[in-house]
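Structure below is final-v7.pdb: PDB, C-alpha atoms.
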ATOM      1  CA  MET A 255      48.447 122.205  18.871
ATOM      2  CA  SER A 256      47.095 119.278  20.785
ATOM      3  CA  ILE A 257      48.302 115.695  20.541
ATOM      4  CA  GLU A 258      45.647 113.094  19.644
ATOM      5  CA  ARG A 259      46.165 109.642  21.127
ATOM      6  CA  LEU A 260      44.119 106.625  20.055
ATOM      7  CA  ASP A 261      43.652 103.290  21.841
ATOM      8  CA  ILE A 262      45.604 103.842  25.021
ATOM      9  CA  ASN A 263      45.983 100.446  26.703
ATOM     10  CA  ASP A 264      48.479  98.019  28.195
ATOM     11  CA  ALA A 265      47.635  94.980  26.078
ATOM     12  CA  THR A 266      51.322  94.476  25.239
ATOM     13  CA  GLY A 267      52.316  94.703  28.909
ATOM     14  CA  ALA A 268      53.289  98.353  28.424
ATOM     15  CA  ILE A 269      51.019 101.394  28.525
ATOM     16  CA  THR A 270      51.052 102.774  24.985
ATOM     17  CA  SER A 271      48.977 104.551  22.395
ATOM     18  CA  ARG A 272      48.521 102.763  19.073
ATOM     19  CA  CYS A 273      48.268 105.968  17.116
ATOM     20  CA  VAL A 274      49.517 109.472  17.930
ATOM     21  CA  ALA A 275      48.768 112.433  15.691
ATOM     22  CA  TYR A 276      50.174 115.926  16.036
ATOM     23  CA  GLY A 277      49.677 118.652  13.469
ATOM     24  CA  ASP A 278      49.793 117.004  10.060
ATOM     25  CA  MET A 279      51.910 114.045  11.231
ATOM     26  CA  VAL A 280      50.367 110.690  12.101
ATOM     27  CA  HIS A 281      52.363 107.966  13.897
ATOM     28  CA  ILE A 282      50.989 104.435  14.050
ATOM     29  CA  GLY A 283      53.221 102.121  16.013
ATOM     30  CA  GLY A 284      53.665  98.663  17.362
ATOM     31  CA  ILE A 285      50.890  97.216  15.232
ATOM     32  CA  THR A 286      50.616  93.442  15.340
ATOM     33  CA  ALA A 287      47.809  91.164  14.167
ATOM     34  CA  ARG A 288      44.718  91.048  16.376
ATOM     35  CA  ASP A 289      44.534  87.333  15.532
ATOM     36  CA  THR A 290      47.971  85.747  15.682
ATOM     37  CA  ASN A 291      46.756  82.258  14.805
ATOM     38  CA  GLY A 292      47.119  83.005  11.113
ATOM     39  CA  ASP A 293      50.178  82.757   8.890
ATOM     40  CA  VAL A 294      52.270  85.800   8.028
ATOM     41  CA  ALA A 295      50.000  86.773   5.108
ATOM     42  CA  ALA A 296      46.904  86.677   7.314
ATOM     43  CA  GLN A 297      48.736  88.616  10.054
ATOM     44  CA  MET A 298      49.930  91.261   7.569
ATOM     45  CA  ARG A 299      46.397  91.698   6.153
ATOM     46  CA  ASP A 300      45.082  92.087   9.714
ATOM     47  CA  ILE A 301      47.781  94.685  10.485
ATOM     48  CA  LEU A 302      47.146  96.719   7.336
ATOM     49  CA  ASP A 303      43.421  96.694   8.114
ATOM     50  CA  THR A 304      44.243  98.140  11.542
ATOM     51  CA  VAL A 305      46.502 100.727   9.908
ATOM     52  CA  ASP A 306      43.705 101.720   7.494
ATOM     53  CA  GLY A 307      41.429 102.222  10.501
ATOM     54  CA  TYR A 308      43.840 104.571  12.271
ATOM     55  CA  LEU A 309      44.528 106.481   9.062
ATOM     56  CA  THR A 310      40.788 107.002   8.609
ATOM     57  CA  GLN A 311      40.322 108.060  12.231
ATOM     58  CA  THR A 312      43.055 110.686  11.916
ATOM     59  CA  GLY A 313      41.934 112.048   8.565
ATOM     60  CA  ALA A 314      44.550 110.313   6.424
ATOM     61  CA  THR A 315      44.509 107.574   3.788
ATOM     62  CA  ARG A 316      46.984 104.903   2.731
ATOM     63  CA  ASN A 317      48.110 107.309  -0.002
ATOM     64  CA  ASP A 318      49.314 109.673   2.741
ATOM     65  CA  VAL A 319      51.783 107.160   4.198
ATOM     66  CA  LEU A 320      55.390 108.369   4.161
ATOM     67  CA  THR A 321      57.344 105.525   5.762
ATOM     68  CA  VAL A 322      56.703 101.992   6.935
ATOM     69  CA  GLN A 323      58.997  99.885   9.084
ATOM     70  CA  VAL A 324      58.249  96.168   8.960
ATOM     71  CA  TRP A 325      59.765  93.671  11.383
ATOM     72  CA  ILE A 326      59.353  90.023  10.596
ATOM     73  CA  LYS A 327      60.246  87.165  12.858
ATOM     74  CA  ASP A 328      62.132  85.318  10.120
ATOM     75  CA  MET A 329      63.348  86.573   6.733
ATOM     76  CA  ALA A 330      61.882  83.390   5.223
ATOM     77  CA  LEU A 331      58.500  85.157   5.671
ATOM     78  CA  PHE A 332      59.544  88.098   3.473
ATOM     79  CA  ALA A 333      57.881  87.023   0.208
ATOM     80  CA  ASP A 334      54.505  86.153   1.742
ATOM     81  CA  MET A 335      54.441  89.386   3.767
ATOM     82  CA  THR A 336      55.471  91.444   0.730
ATOM     83  CA  ALA A 337      52.748  89.934  -1.476
ATOM     84  CA  VAL A 338      50.146  91.310   0.952
ATOM     85  CA  TRP A 339      51.972  94.637   1.036
ATOM     86  CA  ASN A 340      51.952  94.880  -2.756
ATOM     87  CA  ASP A 341      48.196  94.350  -2.773
ATOM     88  CA  TRP A 342      47.773  97.157  -0.245
ATOM     89  CA  VAL A 343      49.899  99.968  -1.697
ATOM     90  CA  ASP A 344      49.018 102.179  -4.626
ATOM     91  CA  PRO A 345      51.770 101.172  -7.075
ATOM     92  CA  GLU A 346      52.013 104.731  -8.418
ATOM     93  CA  ILE A 347      52.770 106.320  -5.021
ATOM     94  CA  PRO A 348      54.214 103.723  -2.657
ATOM     95  CA  PRO A 349      55.689 104.722   0.711
ATOM     96  CA  ALA A 350      59.324 104.239   1.683
ATOM     97  CA  ARG A 351      59.636 100.865   3.381
ATOM     98  CA  ALA A 352      62.286  99.035   5.379
ATOM     99  CA  CYS A 353      62.091  95.442   6.554
ATOM    100  CA  VAL A 354      64.368  93.701   9.013
ATOM    101  CA  SER A 355      64.007  90.451  10.877
ATOM    102  CA  GLY A 356      64.284  89.864  14.586
ATOM    103  CA  ASP A 357      62.504  88.349  17.535
ATOM    104  CA  LEU A 358      59.270  90.131  18.402
ATOM    105  CA  TYR A 359      57.913  90.315  21.902
ATOM    106  CA  ARG A 360      55.739  87.190  21.685
ATOM    107  CA  PRO A 361      56.591  84.011  19.772
ATOM    108  CA  ASP A 362      53.211  83.897  17.960
ATOM    109  CA  ILE A 363      53.731  87.379  16.514
ATOM    110  CA  LEU A 364      55.207  86.975  13.028
ATOM    111  CA  VAL A 365      55.138  90.588  11.871
ATOM    112  CA  GLU A 366      54.961  94.075  13.397
ATOM    113  CA  VAL A 367      54.565  97.391  11.604
ATOM    114  CA  THR A 368      55.184 101.061  12.377
ATOM    115  CA  VAL A 369      53.851 103.772  10.067
ATOM    116  CA  THR A 370      54.302 107.503   9.641
ATOM    117  CA  ALA A 371      51.880 109.483   7.507
ATOM    118  CA  VAL A 372      51.111 113.085   6.758
ATOM    119  CA  ARG A 373      47.457 113.997   6.596
ATOM    120  CA  GLY A 374      45.813 116.308   4.154
ATOM    121  CA  LYS A 375      48.642 116.313   1.593
ATOM    122  CA  ALA A 376      47.804 113.511  -0.865
ATOM    123  CA  ALA A 377      46.664 114.584  -4.303
TER     124      ALA A 377
ATOM    125  CA  MET B 233      63.028 139.586   4.281
ATOM    126  CA  THR B 234      62.912 135.870   4.912
ATOM    127  CA  ALA B 235      63.050 134.695   8.498
ATOM    128  CA  PRO B 236      66.190 132.657   9.303
ATOM    129  CA  GLU B 237      65.762 128.867   9.400
ATOM    130  CA  PRO B 238      65.308 127.610  12.952
ATOM    131  CA  LYS B 239      68.550 126.153  14.280
ATOM    132  CA  ILE B 240      69.006 122.517  15.201
ATOM    133  CA  GLU B 241      69.610 122.146  18.927
ATOM    134  CA  ARG B 242      71.825 119.255  20.005
ATOM    135  CA  TYR B 243      71.958 117.537  23.385
ATOM    136  CA  GLY B 244      74.349 115.040  24.955
ATOM    137  CA  HIS B 245      77.451 115.257  22.766
ATOM    138  CA  VAL B 246      79.304 111.939  22.640
ATOM    139  CA  GLU B 247      82.795 111.256  21.312
ATOM    140  CA  GLY B 248      85.894 109.339  22.274
ATOM    141  CA  PRO B 249      88.036 106.344  21.386
ATOM    142  CA  GLY B 250      85.856 103.545  20.079
ATOM    143  CA  ARG B 251      82.718 105.647  20.375
ATOM    144  CA  PRO B 252      80.530 107.147  17.692
ATOM    145  CA  THR B 253      80.658 110.927  17.498
ATOM    146  CA  MET B 254      77.036 111.913  17.860
ATOM    147  CA  SER B 255      74.378 113.808  19.718
ATOM    148  CA  LEU B 256      72.046 111.805  21.931
ATOM    149  CA  GLY B 257      69.264 114.254  21.201
ATOM    150  CA  VAL B 258      68.385 116.756  18.494
ATOM    151  CA  ALA B 259      65.559 119.263  18.394
ATOM    152  CA  GLN B 260      64.269 121.440  15.600
ATOM    153  CA  GLY B 261      61.208 123.624  15.709
ATOM    154  CA  ASP B 262      58.726 121.951  18.021
ATOM    155  CA  TRP B 263      60.138 118.427  17.465
ATOM    156  CA  ILE B 264      62.782 116.489  19.425
ATOM    157  CA  SER B 265      64.336 113.037  19.116
ATOM    158  CA  ILE B 266      66.487 111.385  21.789
ATOM    159  CA  CYS B 267      68.166 107.971  21.710
ATOM    160  CA  THR B 268      70.383 106.497  24.384
ATOM    161  CA  THR B 269      71.548 103.523  26.442
ATOM    162  CA  ALA B 270      72.365 103.241  30.156
ATOM    163  CA  LYS B 271      75.690 104.514  31.513
ATOM    164  CA  ASN B 272      75.857 102.018  34.382
ATOM    165  CA  ARG B 273      75.778  98.781  32.427
ATOM    166  CA  PRO B 274      76.404  96.168  35.106
ATOM    167  CA  ALA B 275      72.852  96.985  36.200
ATOM    168  CA  GLY B 276      69.945  94.750  35.147
ATOM    169  CA  ALA B 277      67.501  95.561  32.370
ATOM    170  CA  GLU B 278      64.954  97.292  34.615
ATOM    171  CA  ASP B 279      67.620  99.519  36.160
ATOM    172  CA  GLN B 280      69.163 100.250  32.759
ATOM    173  CA  THR B 281      65.722 101.268  31.508
ATOM    174  CA  ARG B 282      65.259 103.597  34.502
ATOM    175  CA  GLN B 283      68.658 105.184  33.760
ATOM    176  CA  ILE B 284      67.571 105.799  30.179
ATOM    177  CA  PHE B 285      64.353 107.462  31.355
ATOM    178  CA  ALA B 286      66.275 109.673  33.808
ATOM    179  CA  ALA B 287      68.412 110.818  30.867
ATOM    180  CA  PHE B 288      65.292 111.430  28.771
ATOM    181  CA  ASP B 289      63.742 113.544  31.548
ATOM    182  CA  GLY B 290      66.888 115.683  31.614
ATOM    183  CA  TYR B 291      67.091 116.255  27.864
ATOM    184  CA  LEU B 292      63.335 116.805  27.533
ATOM    185  CA  ALA B 293      63.559 119.453  30.269
ATOM    186  CA  GLN B 294      66.510 121.120  28.507
ATOM    187  CA  ALA B 295      64.424 121.196  25.336
ATOM    188  CA  GLY B 296      61.511 122.777  27.209
ATOM    189  CA  THR B 297      59.161 119.824  27.242
ATOM    190  CA  ASP B 298      58.372 116.683  29.243
ATOM    191  CA  LYS B 299      57.249 113.064  28.931
ATOM    192  CA  SER B 300      53.576 114.009  28.528
ATOM    193  CA  LYS B 301      54.470 115.202  24.997
ATOM    194  CA  LEU B 302      55.971 111.951  23.721
ATOM    195  CA  LEU B 303      54.919 110.852  20.232
ATOM    196  CA  THR B 304      56.793 107.605  19.554
ATOM    197  CA  ALA B 305      59.202 105.171  21.177
ATOM    198  CA  GLN B 306      61.382 102.381  19.791
ATOM    199  CA  VAL B 307      62.811  99.897  22.268
ATOM    200  CA  TRP B 308      65.587  97.443  21.446
ATOM    201  CA  LEU B 309      66.250  94.630  23.895
ATOM    202  CA  ARG B 310      69.313  92.436  23.879
ATOM    203  CA  ASP B 311      67.257  89.549  25.247
ATOM    204  CA  MET B 312      63.467  89.334  24.974
ATOM    205  CA  ALA B 313      63.537  87.602  28.384
ATOM    206  CA  ASP B 314      63.991  91.148  29.768
ATOM    207  CA  TYR B 315      60.667  92.316  28.266
ATOM    208  CA  ASP B 316      58.745  92.275  31.569
ATOM    209  CA  ALA B 317      61.566  93.959  33.500
ATOM    210  CA  MET B 318      61.818  96.727  30.886
ATOM    211  CA  ASN B 319      58.019  97.131  30.923
ATOM    212  CA  ALA B 320      57.988  97.517  34.720
ATOM    213  CA  ALA B 321      60.230 100.562  34.398
ATOM    214  CA  TRP B 322      58.240 101.779  31.364
ATOM    215  CA  ASN B 323      54.879 101.614  33.132
ATOM    216  CA  ASP B 324      56.308 103.439  36.170
ATOM    217  CA  TRP B 325      57.748 106.247  34.077
ATOM    218  CA  ILE B 326      55.251 106.822  31.327
ATOM    219  CA  ASP B 327      52.416 109.332  31.774
ATOM    220  CA  PRO B 328      49.494 106.872  31.649
ATOM    221  CA  ALA B 329      47.182 109.480  30.116
ATOM    222  CA  ASN B 330      49.714 110.410  27.420
ATOM    223  CA  PRO B 331      51.694 107.377  26.278
ATOM    224  CA  PRO B 332      53.523 107.307  22.935
ATOM    225  CA  THR B 333      53.249 104.604  20.314
ATOM    226  CA  ARG B 334      55.907 101.971  20.892
ATOM    227  CA  SER B 335      57.545  99.054  19.181
ATOM    228  CA  CYS B 336      59.985  96.647  20.796
ATOM    229  CA  MET B 337      62.464  94.370  19.034
ATOM    230  CA  ARG B 338      65.301  92.090  19.997
ATOM    231  CA  ALA B 339      68.692  93.177  18.708
ATOM    232  CA  ASP B 340      72.374  92.792  19.407
ATOM    233  CA  MET B 341      73.954  95.861  20.982
ATOM    234  CA  ALA B 342      77.318  97.531  20.398
ATOM    235  CA  ARG B 343      78.455  96.562  23.918
ATOM    236  CA  PRO B 344      77.836  93.123  25.409
ATOM    237  CA  ASP B 345      76.554  94.560  28.697
ATOM    238  CA  THR B 346      74.096  96.989  27.083
ATOM    239  CA  LEU B 347      70.696  95.366  27.584
ATOM    240  CA  VAL B 348      68.358  98.133  26.418
ATOM    241  CA  GLU B 349      68.417 100.999  23.954
ATOM    242  CA  ILE B 350      65.474 103.374  23.475
ATOM    243  CA  ARG B 351      64.685 106.158  21.012
ATOM    244  CA  ILE B 352      61.849 108.580  21.603
ATOM    245  CA  THR B 353      60.339 111.434  19.659
ATOM    246  CA  ALA B 354      58.400 114.225  21.334
ATOM    247  CA  VAL B 355      57.119 117.697  20.715
ATOM    248  CA  ARG B 356      57.346 120.829  22.819
TER     249      ARG B 356
END

Show how you would write the structure in this file as C-alpha cells.
Amino acid sequence: MSIERLDINDATGAITSRCVAYGDMVHIGGITARDTNGDVAAQMRDILDTVDGYLTQTGATRNDVLTVQVWIKDMALFADMTAVWNDWVDPEIPPARACVSGDLYRPDILVEVTVTAVRGKAA
Amino acid sequence: MTAPEPKIERYGHVEGPGRPTMSLGVAQGDWISICTTAKNRPAGAEDQTRQIFAAFDGYLAQAGTDKSKLLTAQVWLRDMADYDAMNAAWNDWIDPANPPTRSCMRADMARPDTLVEIRITAVR
C-alpha cells in the first residue's frame, strides 16, 4: 500500500505534509487558518474549510472523521471556536474531540486542528 | 481455524524510581508509534531534537521500517523560542519527499531540563 502525501511544503518553517493517507486512514495535521487576521471563529471556519478540502481529496467526508484535536491559544476562545465546530459537525454522528489550550507556534495563530478519519466507512 | 491476532511489539522499555513504566514504542500489524525525549538533557533544543531522531531511527529500524514511512508527528516544546532550533534538526532529518503531518505546541515537561518531546506514527 502506498502512502499519499498532500501539500508538502515548509511554510511553517518545517518540511511537512498537510495530509497523509494510508489504506483507509486519513491524517490531517497542523492545520491553521490561511488568513490569521480574523478572530477565532473566522480562523476555525477557515481551518474546517481546509479540512473539508483534504477529506474530499482523499475520498472521505466530514462524516468519516474519527477524532479531532483542537488547540486554542487561550481557553477564553473556547465558546466562539465551539460554535463554529457545532455548525460543522453532523449532530447525529459527531467525532471524538479534545481541546486544550497552549501557545501555538506563531502569536497570530489562535487555533490549530489535527484530524483523523477513515475513508469509505460512513453510512 | 481463525488466525491468531497479531502480537503487539514493544520497544524501549522504561521503568525505575520516579519514572513511568512504559514502552517508548509499540507496533501492531503494519503500524508503529514512538514517543520519546532526549537522554542528554543539558544539551540545547536542537541537540535534544537530534537525539530524539537518532532514537526514532533505531526503533524504526527494529520495527523494519524507516523515516520515509512516517505518517504523523506531534512536537511539544517547553519554550516556543526553541521553534527554529527544533526545526533546523527536523529539516535535516526528515525525508523531504516523504514528510509526515506535524503539529507543534508549547507545554511544560515532566523534567525541567527536557526541552522537546516528539511522538511519531509510521507504517512498515

- Evaluate the PyMOL selection byres ((chain A and resi 362) around 8) here and jot the selected residues down as a list in words.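 For this structure, the PyMOL selection byres ((chain A and resi 362) around 8) resolves to Thr290, Asn291, Arg360, Pro361, Ile363 and Leu364 of chain A.
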
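Residue neighbourhood of stretch 332-345 of chain A, excluding near-sequence residues (fewer than 5 positions): Val294, Ala295, Met298, Arg299 and Asn317 of chain A, at 7 Å, using all atoms listed in the file.
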
Residue list for chain A near chain B as a compact mmCIF listing (two decimals) with C-alpha atoms, keeping the file's coordinate frame, 8 Å, all atoms listed in the file:
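That gives us result_3.txt:
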# COMPACT_ATOMS: atom_id res chain seq x y z
CA ILE A 257 48.30 115.70 20.54
CA ARG A 259 46.16 109.64 21.13
CA ILE A 262 45.60 103.84 25.02
CA GLY A 267 52.32 94.70 28.91
CA ALA A 268 53.29 98.35 28.42
CA ILE A 269 51.02 101.39 28.52
CA THR A 270 51.05 102.77 24.98
CA SER A 271 48.98 104.55 22.40
CA ARG A 272 48.52 102.76 19.07
CA CYS A 273 48.27 105.97 17.12
CA VAL A 274 49.52 109.47 17.93
CA ALA A 275 48.77 112.43 15.69
CA HIS A 281 52.36 107.97 13.90
CA ILE A 282 50.99 104.44 14.05
CA GLY A 283 53.22 102.12 16.01
CA GLY A 284 53.66 98.66 17.36
CA ILE A 285 50.89 97.22 15.23
CA GLY A 356 64.28 89.86 14.59
CA ASP A 357 62.50 88.35 17.54
CA LEU A 358 59.27 90.13 18.40
CA TYR A 359 57.91 90.32 21.90
CA THR A 368 55.18 101.06 12.38

Box dimensions and centre (Å, one decimal) enclosing stretch 369-376 of chain A, axis-aligned, 8 Å extra per side, as JSON:
{"center_x": 50.1, "center_y": 110.0, "center_z": 4.6, "size_x": 24.5, "size_y": 28.5, "size_z": 26.9}

- Taking into account all atoms listed in the file, which residue in the set B:Arg310, B:Arg242, B:Lys271, B:Arg343 is nearest to B:Phe285? B:Lys271

- Message: With the PyMOL selection byres ((chain B and resi 234-238) around 9) as the selection, what would be picked from this file? Answer as a PyMOL selection string, please.
- Response: chain B and resi 233+239-240+260-261

- Message: Please expand the PyMOL selection byres ((chain B and resi 241) around 12) into the concrete residues it hits in this file, giving the result as a list in words.
- Response: Pro238, Lys239, Ile240, Arg242, Tyr243, Gly244, His245, Ser255, Leu256, Gly257, Val258, Ala259, Gln260, Gly261, Asp262, Trp263, Ile264, Ser265, Ile266, Tyr291, Leu292, Gln294, Ala295 and Gly296 of chain B

- Task: Calculate how many Å separate atom CA of A:Thr315 from atom CA of B:Thr353, rounding to one decimal.
- Result: 22.7 Å

Spatial neighbours of A:Met279, max dist 6 Å, all atoms listed in the file, sep filter under 2 positions, as an mmCIF file with C-alpha atoms, in the frame of the given file:
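Okay, result_38.cif is ready:
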data_model
loop_
_atom_site.group_PDB
_atom_site.id
_atom_site.type_symbol
_atom_site.label_atom_id
_atom_site.label_comp_id
_atom_site.auth_asym_id
_atom_site.auth_seq_id
_atom_site.Cartn_x
_atom_site.Cartn_y
_atom_site.Cartn_z
ATOM 1 C CA ALA A 275 48.768 112.433 15.691
ATOM 2 C CA TYR A 276 50.174 115.926 16.036
ATOM 3 C CA GLY A 277 49.677 118.652 13.469
ATOM 4 C CA ALA A 371 51.880 109.483 7.507
ATOM 5 C CA VAL A 372 51.111 113.085 6.758
#

- Message: Using only C-alpha atoms and a cutoff of 9 Å, can you tell me which residues are near (45.6, 93.1, 9.9) in the file's coordinates, and write them out as a list of chain:residue names?
- Response: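 Residues found, by chain and rising number: A:Ile285, A:Thr286, A:Ala287, A:Arg288, A:Asp289, A:Ala296, A:Gln297, A:Met298, A:Arg299, A:Asp300, A:Ile301, A:Leu302, A:Asp303, A:Thr304, A:Val305.
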
- Message: Quick check, in Å to one decimal: how far apart do atom CA of A:Pro349 and atom CA of A:Asp278 lie?
- Response: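 Separation of atom CA of A:Pro349 and atom CA of A:Asp278: 16.5 Å.
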
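Separating atom CA of B:Arg251 from atom CA of B:Val348 is a distance of 17.3 Å.
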
- Message: So, with all atoms listed in the file as the atoms that count, which of B:Ala342, B:Val307, B:Ala317, B:Met254 lies closest to B:Ala275?
- Response: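 Checking each of B:Ala342, B:Val307, B:Ala317, B:Met254 against B:Ala275, counting all atoms listed in the file, the winner is B:Ala317.
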
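The nearest approach to B:Arg351 among the residues B:Arg273, B:Glu247, B:Pro252, B:Ala287, with all atoms listed in the file taken into account, belongs to B:Ala287.
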
- Note on the structure: Shortest contact to B:Lys299, candidates B:Ala286, B:Asp279, B:Pro249, B:Leu347, atoms counted all atoms listed in the file, goes to B:Ala286

- Distance query 9 Å from (58.7, 99.3, 3.4) using only C-alpha atoms, result as a ChimeraX atom specification: /A:321-324,336,339,348-353
